[in-house]
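Next up, input_28.pdb (PDB, C-alpha atoms):
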```
ATOM      1  CA  MET A 827      -1.645 -74.554  10.560
ATOM      2  CA  VAL A 828      -5.226 -74.692   9.231
ATOM      3  CA  SER A 829      -7.566 -71.902  10.348
ATOM      4  CA  LYS A 830     -10.800 -72.688  12.154
ATOM      5  CA  ALA A 831     -12.784 -71.767   9.097
ATOM      6  CA  THR A 832     -10.968 -74.227   6.826
ATOM      7  CA  LYS A 833     -10.075 -77.888   6.618
ATOM      8  CA  THR A 834      -7.809 -79.952   4.348
ATOM      9  CA  SER A 835      -9.101 -82.133   1.530
ATOM     10  CA  GLY A 836      -7.169 -84.922  -0.254
ATOM     11  CA  SER A 837      -3.547 -85.923   0.382
ATOM     12  CA  GLY A 838       0.004 -85.175  -0.841
ATOM     13  CA  LYS A 839       0.387 -82.609  -3.591
ATOM     14  CA  GLY A 840      -3.362 -82.595  -4.176
ATOM     15  CA  THR A 841      -4.061 -81.321  -0.680
ATOM     16  CA  ARG A 842      -6.181 -78.181  -0.687
ATOM     17  CA  LYS A 843      -7.964 -76.090   1.874
ATOM     18  CA  VAL A 844     -11.771 -76.246   1.953
ATOM     19  CA  LYS A 845     -13.710 -73.499   3.662
ATOM     20  CA  ASP A 846     -15.817 -74.701   6.585
ATOM     21  CA  LYS A 847     -19.107 -72.935   5.867
ATOM     22  CA  TRP A 848     -20.555 -73.738   9.289
ATOM     23  CA  ARG A 849     -17.691 -72.105  11.207
ATOM     24  CA  ALA A 850     -17.810 -69.099   8.908
ATOM     25  CA  LYS A 851     -21.342 -68.273  10.035
ATOM     26  CA  ASN A 852     -22.086 -65.818  12.836
ATOM     27  CA  ALA A 853     -25.016 -65.940  15.246
ATOM     28  CA  TYR A 854     -27.483 -63.045  15.285
ATOM     29  CA  LYS A 855     -30.521 -62.097  17.358
ATOM     30  CA  ILE A 856     -33.710 -60.920  15.679
ATOM     31  CA  ILE A 857     -35.358 -58.002  17.471
ATOM     32  CA  ALA A 858     -39.006 -56.881  17.271
ATOM     33  CA  PRO A 859     -39.891 -53.211  16.614
ATOM     34  CA  LEU A 860     -40.036 -50.727  19.487
ATOM     35  CA  ILE A 861     -43.849 -50.982  19.616
ATOM     36  CA  PHE A 862     -43.320 -54.602  20.700
ATOM     37  CA  ASN A 863     -40.785 -53.496  23.336
ATOM     38  CA  SER A 864     -37.853 -54.499  21.129
ATOM     39  CA  ALA A 865     -38.398 -58.104  22.225
ATOM     40  CA  HIS A 866     -35.941 -60.820  21.242
ATOM     41  CA  ILE A 867     -38.045 -62.905  18.845
ATOM     42  CA  GLY A 868     -35.587 -65.305  17.264
ATOM     43  CA  ASN A 869     -32.052 -66.242  16.233
ATOM     44  CA  THR A 870     -30.375 -66.905  12.930
ATOM     45  CA  LEU A 871     -26.963 -67.941  11.589
ATOM     46  CA  SER A 872     -25.471 -66.301   8.521
ATOM     47  CA  ASP A 873     -22.106 -65.839   6.844
ATOM     48  CA  ASP A 874     -23.362 -62.695   5.106
ATOM     49  CA  PRO A 875     -25.817 -60.336   6.869
ATOM     50  CA  SER A 876     -26.973 -58.902   3.543
ATOM     51  CA  LYS A 877     -28.589 -62.267   2.799
ATOM     52  CA  VAL A 878     -30.880 -61.809   5.792
ATOM     53  CA  ILE A 879     -32.094 -58.272   5.042
ATOM     54  CA  GLY A 880     -35.620 -58.373   3.622
ATOM     55  CA  ARG A 881     -36.473 -61.804   5.058
ATOM     56  CA  VAL A 882     -39.850 -62.262   6.778
ATOM     57  CA  ILE A 883     -40.156 -64.243  10.004
ATOM     58  CA  THR A 884     -43.277 -65.510  11.761
ATOM     59  CA  VAL A 885     -43.765 -65.833  15.516
ATOM     60  CA  SER A 886     -46.750 -66.589  17.720
ATOM     61  CA  ALA A 887     -48.289 -63.652  19.567
ATOM     62  CA  GLN A 888     -48.283 -65.875  22.647
ATOM     63  CA  ASP A 889     -44.512 -66.310  22.401
ATOM     64  CA  LEU A 890     -44.132 -62.566  22.097
ATOM     65  CA  ASN A 891     -46.224 -61.439  25.065
ATOM     66  CA  GLY A 892     -46.943 -64.624  27.023
ATOM     67  CA  ASP A 893     -50.730 -64.281  26.575
ATOM     68  CA  ILE A 894     -52.144 -67.764  25.911
ATOM     69  CA  SER A 895     -55.359 -66.235  24.529
ATOM     70  CA  LYS A 896     -53.271 -64.931  21.590
ATOM     71  CA  ALA A 897     -51.870 -68.350  20.639
ATOM     72  CA  HIS A 898     -53.986 -68.409  17.444
ATOM     73  CA  ILE A 899     -52.389 -65.195  16.131
ATOM     74  CA  LYS A 900     -49.230 -65.383  14.013
ATOM     75  CA  LEU A 901     -47.266 -62.147  13.741
ATOM     76  CA  LYS A 902     -44.975 -61.368  10.831
ATOM     77  CA  PHE A 903     -41.906 -59.158  10.942
ATOM     78  CA  LYS A 904     -39.645 -58.065   8.104
ATOM     79  CA  ILE A 905     -35.905 -57.725   8.744
ATOM     80  CA  THR A 906     -34.781 -54.264   7.659
ATOM     81  CA  GLY A 907     -31.277 -53.790   9.036
ATOM     82  CA  GLN A 908     -28.401 -54.973  11.188
ATOM     83  CA  SER A 909     -26.634 -53.447  14.173
ATOM     84  CA  GLY A 910     -23.757 -55.492  15.589
ATOM     85  CA  ASN A 911     -25.158 -58.949  16.318
ATOM     86  CA  ASP A 912     -28.788 -57.816  16.115
ATOM     87  CA  PHE A 913     -31.184 -57.724  13.176
ATOM     88  CA  HIS A 914     -33.970 -55.133  13.429
ATOM     89  CA  THR A 915     -37.468 -55.558  12.024
ATOM     90  CA  VAL A 916     -40.688 -53.775  11.115
ATOM     91  CA  PHE A 917     -44.217 -55.122  11.556
ATOM     92  CA  TYR A 918     -45.262 -56.927   8.375
ATOM     93  CA  GLY A 919     -48.693 -58.347   9.197
ATOM     94  CA  LEU A 920     -50.627 -61.013  11.046
ATOM     95  CA  ASP A 921     -52.612 -64.177  10.318
ATOM     96  CA  LEU A 922     -54.920 -66.433  12.279
ATOM     97  CA  THR A 923     -53.956 -70.106  12.452
ATOM     98  CA  SER A 924     -55.814 -72.459  10.100
ATOM     99  CA  ASP A 925     -57.152 -74.649  12.917
ATOM    100  CA  TYR A 926     -58.653 -71.595  14.639
ATOM    101  CA  LEU A 927     -60.392 -70.550  11.413
ATOM    102  CA  ARG A 928     -61.788 -74.050  10.915
ATOM    103  CA  ARG A 929     -63.374 -73.957  14.370
ATOM    104  CA  LEU A 930     -65.237 -70.765  13.480
ATOM    105  CA  THR A 931     -67.174 -72.198  10.537
ATOM    106  CA  ARG A 932     -70.344 -74.237  11.081
ATOM    107  CA  ARG A 933     -73.109 -75.607   8.860
ATOM    108  CA  LYS A 934     -76.245 -73.544   8.279
ATOM    109  CA  ARG A 935     -74.417 -70.321   8.981
ATOM    110  CA  SER A 936     -73.208 -67.631   6.613
ATOM    111  CA  LYS A 937     -69.554 -66.710   6.301
ATOM    112  CA  ILE A 938     -68.776 -63.200   5.123
ATOM    113  CA  ASP A 939     -65.260 -62.483   3.880
ATOM    114  CA  LEU A 940     -64.151 -58.926   3.300
ATOM    115  CA  SER A 941     -60.850 -57.328   2.267
ATOM    116  CA  VAL A 942     -60.313 -53.605   2.924
ATOM    117  CA  LYS A 943     -57.343 -51.437   1.944
ATOM    118  CA  ALA A 944     -57.021 -48.608   4.462
ATOM    119  CA  THR A 945     -54.595 -45.675   4.718
ATOM    120  CA  THR A 946     -53.351 -44.374   8.065
ATOM    121  CA  SER A 947     -53.044 -40.707   9.039
ATOM    122  CA  ASP A 948     -49.279 -40.866   8.316
ATOM    123  CA  ASN A 949     -49.829 -42.524   4.904
ATOM    124  CA  GLY A 950     -49.057 -46.119   5.812
ATOM    125  CA  VAL A 951     -51.250 -48.581   3.912
ATOM    126  CA  PHE A 952     -52.750 -51.776   5.337
ATOM    127  CA  LYS A 953     -54.838 -54.487   3.733
ATOM    128  CA  ILE A 954     -57.206 -55.834   6.395
ATOM    129  CA  LYS A 955     -59.194 -59.019   5.825
ATOM    130  CA  LEU A 956     -62.258 -59.640   7.980
ATOM    131  CA  LEU A 957     -64.214 -62.821   8.635
ATOM    132  CA  SER A 958     -67.779 -62.624   9.951
ATOM    133  CA  ILE A 959     -70.011 -65.528  10.983
ATOM    134  CA  SER A 960     -73.800 -65.282  11.336
ATOM    135  CA  GLU A 961     -76.167 -67.439  13.421
ATOM    136  CA  ARG A 962     -78.195 -68.336  10.348
ATOM    137  CA  ARG A 963     -77.995 -68.131   6.591
ATOM    138  CA  LEU A 964     -78.307 -64.562   5.349
ATOM    139  CA  GLN A 965     -79.767 -63.126   2.172
ATOM    140  CA  SER A 966     -77.305 -61.664  -0.304
ATOM    141  CA  THR A 967     -78.711 -58.152   0.260
ATOM    142  CA  VAL A 968     -77.961 -58.390   3.991
ATOM    143  CA  LYS A 969     -74.431 -59.642   3.269
ATOM    144  CA  ALA A 970     -73.845 -56.747   0.885
ATOM    145  CA  ALA A 971     -75.077 -54.229   3.454
ATOM    146  CA  LEU A 972     -72.757 -55.703   6.095
ATOM    147  CA  ARG A 973     -69.774 -55.607   3.750
ATOM    148  CA  ASN A 974     -70.414 -51.977   2.829
ATOM    149  CA  LYS A 975     -70.809 -50.930   6.458
ATOM    150  CA  LEU A 976     -67.693 -52.779   7.613
ATOM    151  CA  SER A 977     -65.577 -51.479   4.738
ATOM    152  CA  THR A 978     -66.600 -47.863   5.318
ATOM    153  CA  THR A 979     -66.063 -48.119   9.077
ATOM    154  CA  VAL A 980     -62.614 -49.718   8.830
ATOM    155  CA  LYS A 981     -61.370 -47.060   6.400
ATOM    156  CA  GLU A 982     -62.758 -44.259   8.558
ATOM    157  CA  ILE A 983     -61.238 -45.594  11.802
ATOM    158  CA  ILE A 984     -57.793 -46.301  10.324
ATOM    159  CA  SER A 985     -57.632 -42.905   8.619
ATOM    160  CA  LYS A 986     -57.624 -41.302  12.091
ATOM    161  CA  LYS A 987     -54.783 -43.457  13.442
ATOM    162  CA  ASN A 988     -51.087 -43.500  12.639
ATOM    163  CA  PHE A 989     -49.179 -46.631  11.652
ATOM    164  CA  GLU A 990     -48.252 -47.762  15.175
ATOM    165  CA  GLU A 991     -51.698 -46.927  16.586
ATOM    166  CA  THR A 992     -53.243 -49.072  13.859
ATOM    167  CA  ILE A 993     -51.066 -52.063  14.799
ATOM    168  CA  THR A 994     -52.109 -51.771  18.446
ATOM    169  CA  TYR A 995     -55.747 -51.339  17.466
ATOM    170  CA  VAL A 996     -56.068 -54.341  15.142
ATOM    171  CA  MET A 997     -54.405 -56.579  17.746
ATOM    172  CA  GLY A 998     -56.723 -55.470  20.544
ATOM    173  CA  SER A 999     -60.321 -56.277  21.408
ATOM    174  CA  ASN A1000     -61.813 -52.831  20.792
ATOM    175  CA  VAL A1001     -61.716 -53.241  17.019
ATOM    176  CA  ILE A1002     -64.099 -56.220  17.194
ATOM    177  CA  LYS A1003     -66.462 -54.405  19.571
ATOM    178  CA  ASP A1004     -66.504 -51.334  17.341
ATOM    179  CA  LEU A1005     -67.231 -53.279  14.151
ATOM    180  CA  VAL A1006     -69.925 -55.490  15.682
ATOM    181  CA  SER A1007     -71.577 -52.387  17.156
ATOM    182  CA  VAL A1008     -71.871 -50.526  13.838
ATOM    183  CA  CYS A1009     -73.455 -53.591  12.214
ATOM    184  CA  LYS A1010     -76.118 -54.280  14.839
ATOM    185  CA  ASN A1011     -78.786 -52.251  13.022
ATOM    186  CA  ILE A1012     -78.276 -54.473   9.975
ATOM    187  CA  TYR A1013     -77.619 -57.803  11.677
ATOM    188  CA  ILE A1014     -76.110 -58.892  15.005
ATOM    189  CA  LEU A1015     -73.072 -60.922  14.027
ATOM    190  CA  LYS A1016     -72.319 -64.116  15.923
ATOM    191  CA  LYS A1017     -68.576 -63.811  15.398
ATOM    192  CA  LEU A1018     -66.234 -61.345  13.762
ATOM    193  CA  ASP A1019     -62.455 -61.575  13.510
ATOM    194  CA  ILE A1020     -59.596 -59.900  11.710
ATOM    195  CA  ARG A1021     -58.157 -62.961  10.000
ATOM    196  CA  ARG A1022     -55.279 -61.251   8.191
ATOM    197  CA  VAL A1023     -53.430 -57.950   8.164
ATOM    198  CA  GLU A1024     -50.902 -57.126   5.456
ATOM    199  CA  VAL A1025     -48.624 -54.092   5.327
ATOM    200  CA  VAL A1026     -48.832 -52.743   1.791
ATOM    201  CA  SER A1027     -46.458 -49.837   2.428
ATOM    202  CA  LEU A1028     -44.744 -48.180   5.370
ATOM    203  CA  PRO A1029     -45.042 -44.494   6.213
ATOM    204  CA  ALA A1030     -41.693 -42.829   5.572
ATOM    205  CA  ALA A1031     -41.343 -41.656   9.189
ATOM    206  CA  THR A1032     -41.844 -45.161  10.583
ATOM    207  CA  ALA A1033     -39.282 -46.679   8.247
ATOM    208  CA  LYS A1034     -36.765 -44.011   9.223
ATOM    209  CA  ASN A1035     -37.361 -44.419  12.963
ATOM    210  CA  GLU A1036     -37.042 -48.194  12.823
ATOM    211  CA  THR A1037     -33.753 -48.134  10.957
ATOM    212  CA  ASN A1038     -32.231 -45.284  12.931
ATOM    213  CA  ASP A1039     -32.323 -47.515  16.028
ATOM    214  CA  ALA A1040     -29.573 -49.575  14.407
ATOM    215  CA  LYS A1041     -26.388 -47.609  13.766
ATOM    216  CA  GLY A1042     -24.526 -48.385  10.577
ATOM    217  CA  LEU A1043     -27.117 -50.812   9.232
ATOM    218  CA  ASP A1044     -28.159 -51.283   5.629
ATOM    219  CA  THR A1045     -31.246 -49.080   5.156
ATOM    220  CA  SER A1046     -31.745 -49.715   1.458
ATOM    221  CA  HIS A1047     -34.703 -52.041   2.089
ATOM    222  CA  ALA A1048     -36.406 -50.113   4.845
ATOM    223  CA  GLU A1049     -38.168 -47.245   3.123
ATOM    224  CA  GLU A1050     -39.346 -49.104   0.039
ATOM    225  CA  ASN A1051     -42.844 -50.478  -0.250
ATOM    226  CA  ILE A1052     -43.290 -53.925   1.223
ATOM    227  CA  VAL A1053     -43.115 -56.635  -1.449
ATOM    228  CA  LYS A1054     -44.144 -60.273  -1.350
ATOM    229  CA  GLU A1055     -41.434 -62.687  -0.258
ATOM    230  CA  ASP A1056     -41.277 -66.253   0.987
ATOM    231  CA  ASP A1057     -41.911 -66.459   4.712
ATOM    232  CA  VAL A1058     -39.184 -67.830   6.944
ATOM    233  CA  GLU A1059     -40.284 -69.571  10.116
ATOM    234  CA  VAL A1060     -37.989 -68.629  12.991
ATOM    235  CA  GLU A1061     -38.451 -70.225  16.370
ATOM    236  CA  PRO A1062     -38.314 -67.816  19.304
ATOM    237  CA  LYS A1063     -35.159 -67.146  21.292
ATOM    238  CA  ASN A1064     -33.358 -70.407  21.990
ATOM    239  CA  ASN A1065     -33.727 -72.073  18.606
ATOM    240  CA  THR A1066     -31.533 -71.178  15.668
ATOM    241  CA  GLU A1067     -32.143 -70.988  11.941
ATOM    242  CA  GLU A1068     -29.329 -71.040   9.427
ATOM    243  CA  ILE A1069     -29.352 -68.591   6.531
TER     244      ILE A1069
END
```

Would it be possible to restate this file's structure as structure tokens?
Amino acid sequence: MVSKATKTSGSGKGTRKVKDKWRAKNAYKIIAPLIFNSAHIGNTLSDDPSKVIGRVITVSAQDLNGDISKAHIKLKFKITGQSGNDFHTVFYGLDLTSDYLRRLTRRKRSKIDLSVKATTSDNGVFKIKLLSISERRLQSTVKAALRNKLSTTVKEIISKKNFEETITYVMGSNVIKDLVSVCKNIYILKKLDIRRVEVVSLPAATAKNETNDAKGLDTSHAEENIVKEDDVEVEPKNNTEEI
């Protein structure tokens, strides 16, 4: 009798068993961090869970919380461990969709890009990229003053927040209000957005808390600094990706 995970190949004496790779795979759920209410954010198939650890998945903020106003935000999560049929993740960053960014830019306006590396109160490190749009073209001195003010303010604000508080803050509306407000004495910005957030490194306590939620998982990837990897698009909930 041939097992479900194998099939025969050839005939007579040359008959051999061939492993059915599809049947050998198990289905797993991908779970968001506790700060995102441990939401079920995707599914994957794998014959070896260790192949999945360290992968990065991308989901829409709208799919995560049902808020249509967040449809232009793509959230990234890094898989850090496995518990039973669940893979657990940590927050890895966010991006704005390319079509949303294109709608922001207009002729005869100045675009100010800024990248700031900021450290949280619990020693997590984020790289935050800002995009500002002015009503008219600005002189280089005004742009420089805006960049300096924004950079200083972002570092100061983040230094007073822990890792999870920073995630909540950069995804909310208060961060935009705060940054526009501090710039008004230099120039009143038409539009300001956080276009990208990258996690450079996790605070040790956050990495430990995330992985402790999953008993018996592989924690070897969780407490190391985040490194660049190819993103893996995973559709939410009902769709399945094979790994």

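Residues matched by the PyMOL selection byres ((chain A and resi 961-973) around 6) in this file: Lys934, Arg935, Ser936, Ser960, Asn974, Lys975, Leu976, Ser977 and Lys1016 of chain A.
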
Preceding selection exported with C-alpha atoms as an mmCIF file, in the frame of the given file:
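Produced file result.cif, reproduced below:
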```cif
data_model
loop_
_atom_site.group_PDB
_atom_site.id
_atom_site.type_symbol
_atom_site.label_atom_id
_atom_site.label_comp_id
_atom_site.auth_asym_id
_atom_site.auth_seq_id
_atom_site.Cartn_x
_atom_site.Cartn_y
_atom_site.Cartn_z
ATOM 1 C CA LYS A 934 -76.245 -73.544 8.279
ATOM 2 C CA ARG A 935 -74.417 -70.321 8.981
ATOM 3 C CA SER A 936 -73.208 -67.631 6.613
ATOM 4 C CA SER A 960 -73.800 -65.282 11.336
ATOM 5 C CA ASN A 974 -70.414 -51.977 2.829
ATOM 6 C CA LYS A 975 -70.809 -50.930 6.458
ATOM 7 C CA LEU A 976 -67.693 -52.779 7.613
ATOM 8 C CA SER A 977 -65.577 -51.479 4.738
ATOM 9 C CA LYS A 1016 -72.319 -64.116 15.923
#
```

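Nearest residue to A:Ile938, choosing from A:Val1008, A:Leu1018, A:Val878, A:Ile867 and counting only C-alpha atoms: A:Leu1018.
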
Test item: which residues lie within 12 Å of (-50.4, -49.1, 15.8) counting only C-alpha atoms, as an MDAnalysis selection string: chainID A and resid 859:862 916:919 946:948 950:952 984:998 1025 1028:1029 1032

Best match for closeness to A:Leu922 among A:Asp874, A:Asp1019, A:Asp889, A:Glu1024, counting only C-alpha atoms: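 Among the listed residues, the smallest separation from A:Leu922 belongs to A:Asp1019.
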
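Across the model, the gap from atom CA of A:Lys902 to atom CA of A:Val885 is 6.6 Å.
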
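Across the structure, atom CA of A:Val1026 and atom CA of A:Lys943 are spaced 8.6 Å apart.
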
Distance of atom CA of A:Gln888 from atom CA of A:Thr870, expressed in Å to one decimal place: 20.4 Å

Result set of the PyMOL selection byres ((chain A and resi 856) around 12) on the coordinates above, as a VMD selection string: chain A and resid 853 to 855 857 to 859 864 to 871 875 878 to 879 881 to 885 903 to 916 1060 to 1067

Surrounding residues of A:Leu940 excluding itself and chain neighbours under 3 positions, 7 Å, all atoms listed in the file, as a PyMOL selection string: chain A and resi 955-957+973
